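As stored in input_37.txt (compact mmCIF, C-alpha atoms):
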```txt
# COMPACT_ATOMS: atom_id res chain seq x y z
CA MET A 1 -11.85 -108.53 -4.94
CA SER A 2 -8.89 -110.06 -6.72
CA ILE A 3 -5.85 -107.80 -7.03
CA VAL A 4 -3.39 -108.66 -9.82
CA VAL A 5 0.10 -107.19 -9.41
CA PRO A 6 2.71 -107.81 -12.14
CA LEU A 7 6.25 -107.85 -10.77
CA HIS A 8 9.37 -107.06 -12.77
CA ASN A 9 12.50 -106.12 -10.83
CA SER A 10 10.20 -105.00 -8.02
CA ALA A 11 12.43 -105.76 -5.04
CA MET A 12 12.70 -102.08 -4.10
CA VAL A 13 8.94 -101.59 -3.69
CA LEU A 14 7.32 -104.98 -3.17
CA ALA A 15 7.47 -105.32 0.62
CA ARG A 16 6.08 -101.84 1.20
CA THR A 17 3.31 -102.34 -1.37
CA VAL A 18 2.19 -105.63 0.16
CA GLU A 19 2.26 -104.09 3.65
CA ARG A 20 0.03 -101.24 2.53
CA TRP A 21 -2.45 -103.62 0.90
CA VAL A 22 -2.67 -105.79 4.00
CA ASP A 23 -3.24 -102.72 6.18
CA TYR A 24 -5.98 -101.51 3.82
CA LEU A 25 -7.90 -104.76 3.30
CA THR A 26 -9.33 -105.25 6.79
CA GLU A 27 -12.89 -106.26 5.87
CA GLY A 28 -14.31 -109.07 3.77
CA HIS A 29 -12.01 -111.46 1.95
CA HIS A 30 -9.72 -110.65 -0.96
CA GLU A 31 -6.88 -112.22 -2.88
CA ILE A 32 -3.62 -110.69 -4.04
CA ILE A 33 -2.00 -112.38 -7.02
CA LEU A 34 1.69 -111.59 -7.49
CA VAL A 35 3.01 -112.48 -10.95
CA GLU A 36 6.75 -112.26 -11.46
CA ASN A 37 7.87 -111.86 -15.07
CA GLY A 38 11.50 -111.95 -16.12
CA SER A 39 13.06 -110.24 -13.11
CA THR A 40 16.83 -110.19 -12.70
CA ASP A 41 16.84 -109.16 -9.05
CA LEU A 42 15.47 -110.80 -5.87
CA THR A 43 11.82 -110.15 -6.72
CA TRP A 44 10.74 -113.82 -6.79
CA ALA A 45 12.43 -114.71 -3.50
CA LEU A 46 10.98 -111.61 -1.84
CA ALA A 47 7.49 -112.37 -3.15
CA GLN A 48 7.62 -115.77 -1.49
CA GLU A 49 8.71 -114.13 1.74
CA VAL A 50 6.05 -111.39 1.92
CA ALA A 51 3.08 -113.47 0.73
CA ARG A 52 1.57 -114.33 4.08
CA ASP A 53 -2.16 -115.12 4.24
CA ASN A 54 -4.34 -113.51 6.90
CA PRO A 55 -8.09 -113.59 7.69
CA HIS A 56 -8.84 -110.98 5.01
CA VAL A 57 -6.21 -111.64 2.33
CA THR A 58 -5.11 -114.77 0.50
CA PHE A 59 -1.99 -114.65 -1.66
CA GLN A 60 -1.25 -116.49 -4.89
CA LEU A 61 2.18 -116.52 -6.49
CA ALA A 62 2.80 -117.15 -10.16
CA ARG A 63 5.38 -116.58 -12.86
CA SER A 64 4.99 -115.73 -16.53
CA ALA A 65 7.10 -114.93 -19.54
CA LYS A 66 8.61 -111.45 -19.46
CA GLY A 67 6.14 -108.69 -20.29
CA MET A 68 3.44 -106.83 -18.38
CA GLY A 69 0.71 -108.26 -20.60
CA ASN A 70 1.91 -111.80 -20.03
CA ALA A 71 1.90 -111.21 -16.28
CA LEU A 72 -1.55 -109.60 -16.22
CA ARG A 73 -3.02 -112.37 -18.38
CA ARG A 74 -1.63 -115.08 -16.13
CA GLY A 75 -2.89 -113.27 -13.05
CA ILE A 76 -6.38 -112.82 -14.47
CA GLU A 77 -6.56 -116.53 -15.26
CA LEU A 78 -5.97 -117.26 -11.56
CA THR A 79 -8.54 -114.82 -10.19
CA ARG A 80 -11.72 -115.83 -8.42
CA GLY A 81 -13.09 -112.50 -7.24
CA ARG A 82 -16.31 -110.79 -8.20
CA TYR A 83 -14.19 -107.79 -9.14
CA VAL A 84 -10.61 -107.76 -10.40
CA LEU A 85 -8.17 -104.90 -9.99
CA LEU A 86 -5.22 -104.64 -12.38
CA THR A 87 -2.64 -102.41 -10.73
CA ALA A 88 1.10 -101.75 -10.49
CA ASP A 89 3.80 -102.94 -8.12
CA ASP A 90 4.34 -99.48 -6.60
CA LEU A 91 0.67 -98.67 -5.84
CA PRO A 92 0.75 -95.44 -7.89
CA PHE A 93 -2.56 -93.98 -6.75
CA ASP A 94 -2.65 -95.32 -3.20
CA PHE A 95 -6.29 -96.42 -2.93
CA THR A 96 -7.96 -93.40 -4.53
CA ASP A 97 -8.99 -95.46 -7.57
CA ILE A 98 -10.81 -98.01 -5.39
CA GLU A 99 -12.52 -95.36 -3.27
CA GLN A 100 -13.74 -93.53 -6.37
CA ALA A 101 -15.01 -96.76 -7.91
CA ARG A 102 -16.95 -97.60 -4.75
CA ALA A 103 -18.76 -94.28 -4.99
CA LEU A 104 -20.21 -95.05 -8.43
CA ASP A 105 -23.88 -96.04 -8.51
CA PRO A 106 -24.67 -97.91 -10.62
CA ARG A 107 -21.22 -99.38 -11.04
CA PRO A 108 -20.14 -99.92 -14.66
CA ARG A 109 -18.56 -103.13 -15.83
CA ILE A 110 -15.15 -101.43 -16.05
CA VAL A 111 -13.73 -98.59 -13.98
CA VAL A 112 -10.46 -96.95 -15.03
CA GLY A 113 -8.33 -95.07 -12.51
CA SER A 114 -7.57 -92.38 -15.06
CA LYS A 115 -4.70 -89.91 -15.15
CA ALA A 116 -6.61 -88.19 -17.97
CA HIS A 117 -9.63 -87.39 -15.78
CA PRO A 118 -9.90 -83.61 -15.23
CA GLY A 119 -10.24 -84.21 -11.51
CA SER A 120 -7.01 -86.22 -11.22
CA GLU A 121 -4.02 -84.83 -9.37
CA VAL A 122 -1.04 -86.04 -11.36
CA SER A 123 2.29 -84.24 -11.58
CA ARG A 124 4.74 -85.59 -14.16
CA HIS A 125 7.67 -84.43 -16.25
CA VAL A 126 6.91 -82.57 -19.47
CA HIS A 127 8.26 -85.35 -21.71
CA ARG A 128 6.00 -87.90 -19.99
CA LYS A 129 2.99 -85.62 -20.45
CA LEU A 130 3.78 -85.20 -24.14
CA TYR A 131 4.14 -88.95 -24.59
CA THR A 132 0.83 -89.56 -22.81
CA TYR A 133 -0.98 -86.93 -24.88
CA GLY A 134 0.45 -88.29 -28.13
CA TYR A 135 -0.47 -91.85 -27.27
CA ARG A 136 -4.02 -90.81 -26.36
CA LEU A 137 -4.33 -88.95 -29.68
CA PHE A 138 -3.12 -91.98 -31.66
CA ARG A 139 -5.58 -94.26 -29.86
CA ARG A 140 -8.43 -91.93 -30.69
CA VAL A 141 -7.42 -91.61 -34.35
CA LEU A 142 -6.47 -95.24 -34.99
CA LEU A 143 -8.91 -97.09 -32.74
CA GLY A 144 -11.70 -94.57 -32.23
CA SER A 145 -11.22 -94.92 -28.49
CA LYS A 146 -13.12 -92.51 -26.28
CA VAL A 147 -11.35 -93.59 -23.08
CA GLY A 148 -8.82 -90.99 -22.01
CA ASP A 149 -6.38 -93.29 -20.23
CA SER A 150 -6.11 -96.94 -21.23
CA GLN A 151 -3.05 -97.46 -19.04
CA GLY A 152 -4.39 -96.49 -15.66
CA THR A 153 -5.49 -99.01 -13.10
CA ILE A 154 -8.49 -101.10 -14.15
CA ILE A 155 -11.26 -102.54 -12.00
CA ALA A 156 -13.45 -104.95 -13.96
CA GLU A 157 -16.19 -107.47 -13.33
CA GLY A 158 -14.40 -110.75 -12.80
CA ASP A 159 -16.71 -112.95 -14.87
CA TRP A 160 -16.44 -110.64 -17.89
CA LEU A 161 -12.67 -110.28 -17.58
CA ARG A 162 -12.04 -114.01 -17.27
CA GLN A 163 -14.22 -114.57 -20.35
CA VAL A 164 -12.43 -112.11 -22.63
CA VAL A 165 -8.83 -112.48 -21.45
CA GLU A 166 -8.09 -115.31 -23.90
CA HIS A 167 -8.75 -112.81 -26.71
CA VAL A 168 -6.31 -110.23 -25.32
CA ASP A 169 -2.95 -111.39 -26.58
CA GLU A 170 -0.59 -108.41 -26.30
CA PRO A 171 2.46 -109.47 -24.25
CA GLY A 172 3.66 -106.06 -23.08
CA PHE A 173 2.50 -102.58 -22.10
CA LEU A 174 -0.23 -102.56 -24.77
CA PHE A 175 -2.24 -105.22 -22.92
CA THR A 176 -4.59 -102.84 -21.10
CA THR A 177 -5.07 -100.78 -24.26
CA GLN A 178 -6.17 -103.91 -26.08
CA LEU A 179 -8.43 -104.85 -23.17
CA ILE A 180 -10.14 -101.45 -23.31
CA PHE A 181 -10.37 -101.78 -27.10
CA VAL A 182 -12.17 -105.11 -26.70
CA ALA A 183 -14.54 -103.57 -24.17
CA GLU A 184 -15.33 -100.61 -26.41
CA LEU A 185 -15.99 -102.88 -29.40
CA GLN A 186 -18.39 -104.85 -27.23
CA GLY A 187 -20.14 -101.74 -25.98
CA VAL A 188 -19.28 -102.55 -22.37
CA SER A 189 -19.96 -99.77 -19.86
CA ILE A 190 -16.73 -97.96 -18.89
CA SER A 191 -16.23 -95.09 -16.46
CA GLU A 192 -13.06 -93.16 -15.76
CA VAL A 193 -12.55 -91.91 -12.22
CA PRO A 194 -10.08 -89.32 -10.89
CA VAL A 195 -6.96 -90.45 -9.06
CA VAL A 196 -4.27 -88.83 -6.97
CA LEU A 197 -0.71 -89.78 -7.78
CA SER A 198 0.99 -90.98 -4.61
CA SER A 199 3.51 -88.53 -3.17
CA ASP A 200 6.12 -91.29 -2.90
CA HIS A 201 5.38 -92.80 -6.31
CA SER A 202 8.20 -94.13 -8.51
CA PRO A 203 10.95 -94.87 -6.00
CA LYS A 204 12.23 -97.36 -8.59
CA PRO A 205 13.32 -96.50 -12.15
CA SER A 206 10.73 -96.68 -14.90
CA THR A 207 10.80 -99.91 -16.90
CA VAL A 208 9.42 -98.22 -20.04
CA ARG A 209 12.07 -98.03 -22.77
CA VAL A 210 12.12 -96.27 -26.14
CA SER A 211 11.69 -99.65 -27.79
CA ASP A 212 8.51 -100.17 -25.74
CA VAL A 213 7.09 -96.90 -27.07
CA LEU A 214 7.87 -97.94 -30.64
CA ASP A 215 6.34 -101.36 -30.03
CA MET A 216 3.19 -99.74 -28.69
CA GLY A 217 2.90 -97.56 -31.80
CA VAL A 218 3.23 -100.61 -34.02
CA GLY A 219 0.77 -102.41 -31.76
CA LEU A 220 -1.87 -99.73 -32.23
CA LEU A 221 -1.58 -100.20 -35.97
CA ARG A 222 -1.87 -103.95 -35.49
CA LEU A 223 -5.05 -103.52 -33.46
CA ARG A 224 -6.39 -101.14 -36.06
CA LYS A 225 -5.84 -103.62 -38.85
CA GLY A 226 -7.46 -106.42 -36.90
CA ARG A 227 -4.38 -108.68 -36.95
CA THR A 228 -4.83 -109.75 -33.35
CA SER A 229 -7.60 -111.69 -31.63
CA ALA A 230 -9.37 -108.40 -30.86
CA ASN A 231 -11.06 -108.34 -34.27
CA ALA A 232 -14.74 -108.00 -35.08
CA ARG A 233 -15.39 -111.72 -35.47
CA LEU A 234 -13.97 -112.74 -32.12
CA ILE A 235 -15.54 -109.77 -30.38
CA ALA A 236 -18.92 -110.86 -31.68
CA GLU A 237 -18.29 -114.40 -30.42
CA VAL A 238 -17.38 -113.13 -26.95
CA ALA A 239 -20.40 -110.84 -26.84
CA GLU A 240 -22.68 -113.79 -27.55
```
Please go through the file and, once you have read it, give me the structure as structure tokens.
Amino acid sequence: MSIVVPLHNSAMVLARTVERWVDYLTEGHHEIILVENGSTDLTWALAQEVARDNPHVTFQLARSAKGMGNALRRGIELTRGRYVLLTADDLPFDFTDIEQARALDPRPRIVVGSKAHPGSEVSRHVHRKLYTYGYRLFRRVLLGSKVGDSQGTIIAEGDWLRQVVEHVDEPGFLFTTQLIFVAELQGVSISEVPVVLSSDHSPKPSTVRVSDVLDMGVGLLRLRKGRTSANARLIAEVAE
């Protein structure tokens, strides 16, 4: 498995996250790809310090332009694994998303660690719940999306993901929404699995700003109108 972790001002959580991954990945061989994007703290220096290969884990370090989408895209381009996990720098669900994905038989092409799954244990502030519900409603209305949570963690078949990533061009938080949109247009099999929000999640401040929310609303309209590379023509080309 390849694990892609975008880093933006992640100095507070990075060392602990890497330690937990190394302790968890004790069988087989995996790679962790750390992609720093526009940090203003010591994230890049710390990433170089904590990225220590061992018999089960190989690290890759990269940098991208600022933006979660830019970081995820760059990380995906570097992956080599049969499966690719797109996750966050603070390991929000511990490893419950991976364990749930492993239990699926047959395994779909995409598994989403979904906060919207009725079996998920997620406790968040009321305003965050309202934002999440509103965003989900807009995705359903504007894009016809049936996936409850397009911004959870994503585990995807590596070959498929590396093939389609060049058509996913959103630079920021909308990247995974566009990725799911591409998959739904293609008719790719997608399953959402329940997750448990880590008890020590969010020790660092959220990086989501009001401007990001507005950008995501505009982005949904852009996807709807087919102004990005995730339009019917390109989707058909990828599917072929």
Handout entry: Minimum-distance residue to A:Gly75, chosen among A:Thr96, A:Thr58, A:Ser2, A:Ser120 (using only C-alpha atoms)
Key =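 Counting only C-alpha atoms, the residue closest to A:Gly75 is A:Ser2.
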Exercise for the section: Could you give me, as a ChimeraX atom specification, the residues within 10 Å of A:Ile3, counting only C-alpha atoms and dropping anything in the same chain fewer than 4 positions from it? Expected result: /A:21,30-34,59,75-76,79,81,83-88,155
Centre and edge lengths, as AutoDock Vina command-line options, for the axis-aligned box enclosing every listed atom of stretch 105-120 of chain A with 4 Å of padding on each of the six sides, in Å to one decimal?
```
--center_x -14.7 --center_y -93.4 --center_z -13.2 --size_x 28.0 --size_y 27.5 --size_z 17.5
```
Exercise for the section: For A:Leu104, list every protein, DNA or RNA residue within 10 Å, evaluated using all atoms listed in the file, and leave out those in the same chain fewer than 6 positions away; present the list as a PyMOL selection string. Expected result: chain A and resi 111+191+193
Handout entry: Contact residues around A:Asn9 with all atoms listed in the file at 6 Å, ignoring same-chain residues under 4 positions, as a VMD selection string
Key = chain A and resid 39 41 43
Serialized selection, C-alpha atoms, as a CSV table (one decimal), keeping the file's coordinate frame:
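And here is the file that came out, selection_17.csv:
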```csv
chain,number,residue,atom,x,y,z
A,39,SER,CA,13.1,-110.2,-13.1
A,41,ASP,CA,16.8,-109.2,-9.0
A,43,THR,CA,11.8,-110.2,-6.7
```
